[in-house]
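coords-v4.txt (compact mmCIF, C-alpha atoms and all ligand atoms)
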```txt
# COMPACT_ATOMS: atom_id res chain seq x y z
CA MET A 1 0.00 0.00 0.00
CA GLU A 2 1.32 3.42 -0.99
CA GLU A 3 1.69 5.94 1.81
CA PHE A 4 -1.21 8.39 1.91
CA ASN A 5 -0.83 11.17 -0.65
CA ARG A 6 -3.51 13.88 -0.79
CA PHE A 7 -2.21 14.82 -4.24
CA GLY A 8 -2.33 11.25 -5.49
CA ASN A 9 -5.29 9.14 -6.52
CA MET A 10 -8.24 10.58 -4.61
CA ASN A 11 -10.76 9.77 -7.31
CA PRO A 12 -14.32 8.97 -6.35
CA THR A 13 -15.05 5.27 -6.02
CA PRO A 14 -17.16 3.59 -8.74
CA GLU A 15 -20.08 3.71 -6.31
CA PHE A 16 -19.64 7.48 -5.84
CA CYS A 17 -19.56 7.89 -9.63
CA GLU A 18 -22.76 5.89 -10.04
CA ARG A 19 -24.56 7.72 -7.25
CA PRO A 20 -22.89 11.09 -6.67
CA TYR A 21 -25.34 12.00 -3.89
CA LEU A 22 -23.45 9.56 -1.64
CA MET A 23 -20.67 12.18 -1.55
CA ASP A 24 -23.00 14.93 -0.31
CA ARG A 25 -22.67 16.22 3.24
CA PRO A 26 -24.29 19.23 4.91
CA PRO A 27 -22.78 22.62 4.01
CA PHE A 28 -21.27 24.87 6.67
CA PRO A 29 -19.91 28.37 7.26
CA ILE A 30 -16.12 28.72 7.25
CA VAL A 31 -15.51 32.27 8.47
CA GLY A 32 -17.58 35.42 8.00
CA ASN A 33 -19.30 35.49 4.63
CA LEU A 34 -17.52 32.37 3.33
CA TYR A 35 -19.22 28.95 3.13
CA PHE A 36 -18.36 25.43 2.03
CA VAL A 37 -21.04 23.97 -0.29
CA GLY A 38 -19.04 21.20 -1.99
CA ASN A 39 -18.93 17.47 -1.35
CA LEU A 40 -16.42 14.83 -0.22
CA TRP A 41 -14.63 14.96 -3.58
CA CYS A 42 -14.91 18.51 -4.93
CA SER A 43 -14.77 21.82 -3.16
CA SER A 44 -17.19 24.57 -3.97
CA HIS A 45 -17.00 27.80 -2.01
CA LEU A 46 -19.76 30.36 -1.68
CA ILE A 47 -19.18 34.03 -0.82
CA ASP A 48 -22.04 36.27 0.25
CA THR A 49 -20.81 39.63 -1.03
CA GLY A 50 -23.83 41.60 0.14
CA ASP A 51 -24.59 42.28 -3.51
CA GLY A 52 -25.10 38.72 -4.70
CA LEU A 53 -23.26 35.42 -4.36
CA ILE A 54 -19.96 34.30 -5.85
CA LEU A 55 -19.38 30.58 -6.29
CA LEU A 56 -15.78 29.41 -6.67
CA ASP A 57 -15.80 26.12 -8.63
CA THR A 58 -18.68 23.70 -9.07
CA PRO A 59 -18.52 19.96 -8.56
CA THR A 60 -19.33 17.65 -11.46
CA ALA A 61 -22.72 17.91 -13.16
CA GLY A 62 -23.97 14.76 -11.38
CA SER A 63 -23.56 16.63 -8.10
CA LEU A 64 -25.62 19.66 -9.10
CA PRO A 65 -28.64 18.62 -6.96
CA GLY A 66 -26.42 18.42 -3.89
CA LEU A 67 -24.83 21.79 -4.67
CA LEU A 68 -28.22 23.51 -5.04
CA PHE A 69 -29.48 21.81 -1.88
CA ASN A 70 -26.41 22.98 0.03
CA ILE A 71 -26.77 26.60 -1.12
CA ALA A 72 -30.45 26.57 -0.13
CA ALA A 73 -29.75 24.82 3.19
CA LEU A 74 -27.61 27.81 4.21
CA GLY A 75 -30.59 30.08 3.61
CA PHE A 76 -29.54 31.46 0.22
CA ASN A 77 -31.59 31.44 -2.94
CA PRO A 78 -29.51 29.91 -5.75
CA ARG A 79 -30.94 32.68 -7.96
CA GLU A 80 -28.82 35.16 -5.97
CA LEU A 81 -25.79 33.61 -7.62
CA LYS A 82 -24.16 36.32 -9.74
CA TYR A 83 -20.67 35.03 -10.49
CA ILE A 84 -19.33 31.52 -11.02
CA VAL A 85 -15.51 31.51 -10.98
CA VAL A 86 -13.77 28.38 -12.28
CA SER A 87 -10.21 27.68 -11.14
CA HIS A 88 -9.25 25.47 -14.07
CA ALA A 89 -10.47 23.47 -17.02
CA HIS A 90 -11.05 20.12 -15.32
CA SER A 91 -14.55 18.63 -15.23
CA ASP A 92 -14.50 18.16 -11.44
CA HIS A 93 -14.36 21.97 -11.16
CA PHE A 94 -16.55 23.12 -14.06
CA GLY A 95 -18.83 20.14 -14.82
CA ALA A 96 -22.00 21.80 -13.49
CA VAL A 97 -21.30 25.33 -14.78
CA VAL A 98 -23.45 25.22 -17.91
CA ALA A 99 -26.49 23.90 -16.04
CA LEU A 100 -25.99 26.25 -13.11
CA ALA A 101 -25.56 29.32 -15.31
CA HIS A 102 -28.67 28.28 -17.21
CA LEU A 103 -30.67 28.05 -13.97
CA THR A 104 -29.37 31.22 -12.36
CA GLY A 105 -28.19 33.52 -15.14
CA ALA A 106 -24.86 33.89 -13.31
CA LYS A 107 -21.85 35.26 -15.17
CA THR A 108 -18.98 32.79 -15.61
CA PHE A 109 -15.21 33.35 -15.30
CA MET A 110 -12.11 31.29 -16.15
CA SER A 111 -8.59 32.12 -17.31
CA ALA A 112 -8.16 32.96 -20.99
CA VAL A 113 -5.38 30.35 -21.15
CA ASP A 114 -7.56 27.45 -19.94
CA THR A 115 -10.45 28.72 -22.07
CA ARG A 116 -8.27 28.42 -25.14
CA ASP A 117 -7.04 24.99 -24.03
CA MET A 118 -10.65 23.86 -23.64
CA ARG A 119 -11.65 25.24 -27.02
CA GLU A 120 -8.68 23.79 -28.88
CA ASN A 121 -8.77 20.30 -27.35
CA PRO A 122 -12.39 19.16 -27.57
CA GLU A 123 -11.53 15.46 -27.71
CA ARG A 124 -9.35 15.47 -24.59
CA MET A 125 -12.00 17.55 -22.80
CA GLU A 126 -14.89 15.31 -23.80
CA LYS A 127 -13.00 12.22 -22.67
CA MET A 128 -12.44 13.84 -19.27
CA ASN A 129 -16.10 14.90 -19.11
CA LEU A 130 -17.18 11.31 -19.63
CA ASP A 131 -14.53 9.80 -17.34
CA LEU A 132 -15.57 11.97 -14.41
CA GLY A 133 -19.29 11.13 -14.41
CA TYR A 134 -22.30 11.98 -16.48
CA TYR A 135 -23.45 15.20 -18.15
CA ASN A 136 -20.30 17.25 -17.57
CA GLU A 137 -20.22 19.98 -20.19
CA CYS A 138 -17.51 22.26 -21.51
CA PHE A 139 -18.32 25.94 -21.47
CA THR A 140 -17.11 29.27 -22.74
CA PRO A 141 -16.81 31.75 -19.87
CA ASP A 142 -18.40 35.18 -20.14
CA VAL A 143 -15.15 36.65 -18.83
CA GLU A 144 -11.71 35.33 -19.76
CA LEU A 145 -9.31 36.24 -16.96
CA GLU A 146 -5.71 37.38 -17.25
CA ASP A 147 -3.00 37.07 -14.60
CA GLY A 148 -3.68 39.53 -11.76
CA ASP A 149 -7.26 40.36 -12.72
CA ILE A 150 -9.57 41.35 -9.89
CA ILE A 151 -13.15 40.08 -9.70
CA SER A 152 -15.17 42.61 -7.77
CA LEU A 153 -18.66 42.18 -6.33
CA GLY A 154 -20.17 43.82 -3.24
CA ASN A 155 -17.73 43.57 -0.33
CA THR A 156 -15.35 41.17 -2.15
CA GLN A 157 -12.35 41.80 -4.41
CA MET A 158 -10.90 38.49 -5.54
CA ARG A 159 -7.43 38.53 -7.12
CA CYS A 160 -6.83 35.86 -9.74
CA VAL A 161 -3.24 34.67 -10.19
CA LEU A 162 -2.08 32.32 -12.93
CA THR A 163 -0.32 29.29 -11.38
CA PRO A 164 0.20 26.97 -14.36
CA GLY A 165 1.29 23.37 -14.02
CA HIS A 166 -1.75 21.31 -13.09
CA THR A 167 -3.29 22.82 -16.25
CA VAL A 168 -1.81 25.38 -18.60
CA GLY A 169 -4.01 28.16 -17.20
CA VAL A 170 -5.05 27.19 -13.67
CA MET A 171 -5.60 30.15 -11.35
CA SER A 172 -5.16 30.63 -7.61
CA HIS A 173 -7.38 33.14 -5.83
CA PHE A 174 -6.81 35.58 -2.99
CA TRP A 175 -9.07 38.01 -1.16
CA THR A 176 -9.82 39.38 2.28
CA LEU A 177 -12.94 39.02 4.38
CA GLU A 178 -14.20 40.61 7.57
CA ASP A 179 -15.48 38.70 10.56
CA ARG A 180 -16.59 40.39 13.77
CA GLY A 181 -14.18 43.28 13.34
CA ARG A 182 -11.23 41.17 12.21
CA THR A 183 -9.81 41.05 8.67
CA PHE A 184 -8.53 37.76 7.27
CA HIS A 185 -6.55 36.92 4.13
CA VAL A 186 -8.07 34.01 2.25
CA GLY A 187 -6.16 31.98 -0.32
CA ILE A 188 -6.79 28.94 -2.46
CA TYR A 189 -4.11 27.22 -4.47
CA GLY A 190 -5.50 26.20 -7.84
CA GLY A 191 -4.74 22.74 -9.14
CA ALA A 192 -2.59 20.86 -6.68
CA GLY A 193 -2.79 17.36 -8.18
CA PHE A 194 -0.03 16.13 -10.45
CA VAL A 195 -1.15 12.78 -11.91
CA SER A 196 -1.47 14.57 -15.25
CA LEU A 197 2.16 15.72 -15.07
CA SER A 198 4.02 12.43 -15.45
CA ARG A 199 6.03 12.26 -18.65
CA ALA A 200 3.67 9.57 -19.94
CA ALA A 201 0.54 11.59 -19.17
CA LEU A 202 1.92 14.78 -20.72
CA LYS A 203 2.87 12.87 -23.85
CA ARG A 204 -0.50 11.12 -24.01
CA ASN A 205 -2.32 14.44 -23.69
CA GLY A 206 -0.09 16.26 -26.13
CA GLN A 207 1.03 18.76 -23.51
CA PRO A 208 4.47 20.35 -23.07
CA MET A 209 7.01 18.82 -20.66
CA SER A 210 7.66 22.40 -19.48
CA LEU A 211 4.50 22.11 -17.35
CA GLN A 212 6.61 20.19 -14.80
CA GLN A 213 8.86 23.21 -14.25
CA ASP A 214 5.84 25.56 -14.41
CA PHE A 215 4.34 23.56 -11.53
CA LEU A 216 7.38 24.26 -9.33
CA ASP A 217 7.63 27.92 -10.44
CA SER A 218 3.97 28.51 -9.56
CA ILE A 219 4.54 27.36 -5.98
CA GLU A 220 7.32 29.97 -5.68
CA LYS A 221 5.13 32.61 -7.30
CA VAL A 222 2.51 32.53 -4.54
CA TRP A 223 4.76 31.50 -1.63
CA ASP A 224 4.68 34.99 -0.06
CA GLU A 225 0.92 35.44 -0.12
CA PRO A 226 -0.16 36.18 3.47
CA VAL A 227 -2.83 33.47 3.70
CA GLU A 228 -4.55 32.98 7.06
CA ILE A 229 -7.53 30.97 5.87
CA MET A 230 -6.43 28.36 3.37
CA LEU A 231 -9.02 26.78 1.13
CA GLY A 232 -8.50 23.81 -1.15
CA ASN A 233 -10.05 23.04 -4.48
CA HIS A 234 -10.54 19.55 -3.14
CA PRO A 235 -11.65 19.18 0.49
CA PHE A 236 -8.78 16.81 1.24
CA HIS A 237 -6.23 19.50 0.32
CA ASN A 238 -7.05 21.61 3.37
CA ASP A 239 -8.86 19.02 5.55
CA VAL A 240 -11.97 21.17 5.57
CA TYR A 241 -14.35 18.50 6.94
CA PHE A 242 -11.93 17.75 9.77
CA LYS A 243 -11.71 21.46 10.59
CA ARG A 244 -15.49 21.57 10.64
CA ARG A 245 -15.47 18.72 13.13
CA ARG A 246 -12.97 20.59 15.33
CA PHE A 247 -15.14 23.72 15.07
CA LEU A 248 -18.20 21.77 16.21
CA ALA A 249 -16.15 20.42 19.12
CA GLY A 250 -15.65 24.00 20.31
CA GLU A 251 -12.52 25.19 18.51
CA GLU A 252 -13.76 28.58 17.37
CA ASP A 253 -10.81 29.38 15.08
CA ALA A 254 -10.49 25.92 13.52
CA PHE A 255 -10.44 27.37 10.00
CA ILE A 256 -7.82 30.03 10.77
CA ASP A 257 -4.22 28.85 10.48
CA PRO A 258 -1.54 31.27 9.21
CA GLY A 259 1.01 28.43 9.01
CA GLU A 260 -1.02 26.15 6.79
CA TRP A 261 -0.23 27.87 3.48
CA HIS A 262 3.50 27.20 3.75
CA ARG A 263 3.04 23.69 5.17
CA PHE A 264 0.76 22.92 2.25
CA LEU A 265 3.04 24.39 -0.44
CA GLU A 266 6.06 22.62 1.07
CA GLU A 267 4.20 19.29 1.10
CA LEU A 268 3.09 19.89 -2.48
CA ARG A 269 6.62 20.72 -3.62
CA SER A 270 8.33 17.80 -1.91
CA LYS A 271 5.70 15.26 -3.01
CA PHE A 272 5.97 16.56 -6.57
CA GLN A 273 9.77 16.41 -6.57
CA ASN A 274 9.50 12.83 -5.32
CA PHE A 275 6.98 12.08 -8.02
CA LEU A 276 9.35 13.33 -10.73
CA LYS A 277 11.93 10.76 -9.62
CA LYS A 278 9.54 7.84 -9.96
CA SER A 279 9.74 5.33 -12.80
CA PRO A 280 6.66 4.87 -15.04
CA GLN A 281 5.94 1.63 -13.14
CA GLU A 282 6.14 3.40 -9.80
CA VAL A 283 3.82 6.15 -11.05
CA GLU A 284 1.35 3.51 -12.18
CA ALA A 285 1.47 1.78 -8.78
CA MET A 286 1.00 5.10 -7.04
CA TYR A 287 -2.26 5.70 -8.87
CA ALA A 288 -3.48 2.12 -8.86
CA GLY A 289 -6.17 2.59 -6.23
CA SER A 290 -8.09 5.55 -4.85
CA GLN A 291 -7.25 6.56 -1.28
CA ILE A 292 -10.37 8.66 -0.79
CA LEU A 293 -12.13 6.24 1.57
CA ASP A 294 -9.00 5.79 3.69
CA TYR A 295 -8.77 9.55 4.04
CA TYR A 296 -12.34 9.93 5.25
CA LYS A 297 -12.25 7.04 7.71
CA GLY A 298 -14.10 8.22 10.75
CA ILE A 299 -15.92 11.13 9.08
ZN ZN B 1 -7.77 19.53 -11.76
```

Entire entry expressed as structure tokens:
Amino acid sequence: MEEFNRFGNMNPTPEFCERPYLMDRPPFPIVGNLYFVGNLWCSSHLIDTGDGLILLDTPTAGSLPGLLFNIAALGFNPRELKYIVVSHAHSDHFGAVVALAHLTGAKTFMSAVDTRDMRENPERMEKMNLDLGYYNECFTPDVELEDGDIISLGNTQMRCVLTPGHTVGVMSHFWTLEDRGRTFHVGIYGGAGFVSLSRAALKRNGQPMSLQQDFLDSIEKVWDEPVEIMLGNHPFHNDVYFKRRRFLAGEEDAFIDPGEWHRFLEELRSKFQNFLKKSPQEVEAMYAGSQILDYYKGI
């Protein structure tokens, strides 16, 4: 058995793929106007800006009922959704966007680089859409973001930073929020998995080997961001359900951890450097079985 690797094979089990609602759990507030509305596999974060809602990433299309239920369970009307921001062009982050935008009229955002990648590689995209469940659809965002762009709505200004590697145009996001008179820096590292970055996978997907170096450079690029509340674009990247459990057990600041950003980036860098040294056979063994159920043991 491989040692646990949160950046390794954390794919949903076949049962989760067949019945995505099995991954649904109740939503919860993180801090201030920030909420978790995703599921055991995919993160989805909701921000109440005071002038409409921003959603950062959607789960796959099969999980749209759970997402809508979670938004409503927090007391919000999904029709208040104004912006849907997508971190990168992978179906487990955009699969439900087309349906959700259709239902709500929300404006959609993704980097111009990933938008072009999606447009120019329909076969690779469609294969991923099918592999990751049913009904996932590609989309063309209303707004194509460039490095450093700010998305502004109500009380929220979200800075979008290109951190290529996981995809050619994945973005990380940073903003501040207020909670009971305190200001917190929030950060989410876009695209932390690297199964798609083995030499074999890059070759298979017709992508440049330079993405491996980009992956390392992107970690450096955002190293100095002053993140106090770290989010993950998968819940197992920042242990969000475990933090929720600690919060419910009385730890009021369970989601606030100024040291987590560097611990996370260091873990990501060292695991990736290790990964680059592996033989094709070792890479295959590493991804042979999903570790998602091991991770959630006890939740
Ligand atoms: Zn991804």

Gap from CA of Asn9 (chain A) to CA of His173 (chain A) - Å, one decimal: 24.1 Å

Best match for closeness to ligand ZN 1 (chain B) among A:Arg19, A:Arg116, A:His234, A:Arg6, counting all atoms listed in the file: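 With all atoms listed in the file as the atom set, the closest residue is A:His234.
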
A:Arg119, A:His237, A:Lys278, A:Arg159 ranked by distance to Leu40 (chain A), top pick (using only C-alpha atoms): A:His237

Shell of 10 Å around ligand ZN 1 (chain B) (all atoms listed in the file), written as number ranges by chain: A: 42, 87-94, 166-167, 170, 190-196, 233-234

Within 12 Å of Cys17 (chain A) using only C-alpha atoms, minus same-chain residues under 2 positions, as a ChimeraX atom specification: /A:11-15,19-23,41,60-63,92,130-135

Pick from A:Thr176, A:Arg263, A:Lys297, A:Gln291, whichever lies nearest to Phe242 (chain A) using all atoms listed in the file: A:Lys297

Residue contacts of Ala73 (chain A) (9 Å, all atoms listed in the file) excluding same-chain residues fewer than 5 positions away, as a PyMOL selection string: chain A and resi 26-27+68

From A:Tyr287, A:Phe28, A:Phe109, A:Phe139, residue lying nearest Ser44 (chain A) [all atoms listed in the file]: A:Phe28

Residue among A:Asp257, A:Lys271, A:His102, A:Gln207 lying closest to Val186 (chain A), counting only C-alpha atoms: A:Asp257

Atom pair CA of Arg199 (chain A) / CA of Glu220 (chain A): separation (Å):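 Rounded to one decimal, the two atoms are 22.0 Å apart.
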
Selected residue, from A:Leu276, A:Ile292, A:Leu67, A:Ile84, that lies nearest to Leu153 (chain A) when counting all atoms listed in the file: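 Once distances to Leu153 (chain A) are computed over all atoms listed in the file, the minimum belongs to A:Ile84.
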
d(CA of Gln213 (chain A), CA of Ser198 (chain A)) in Å: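 Computing it gives 11.9 Å between the two atoms.
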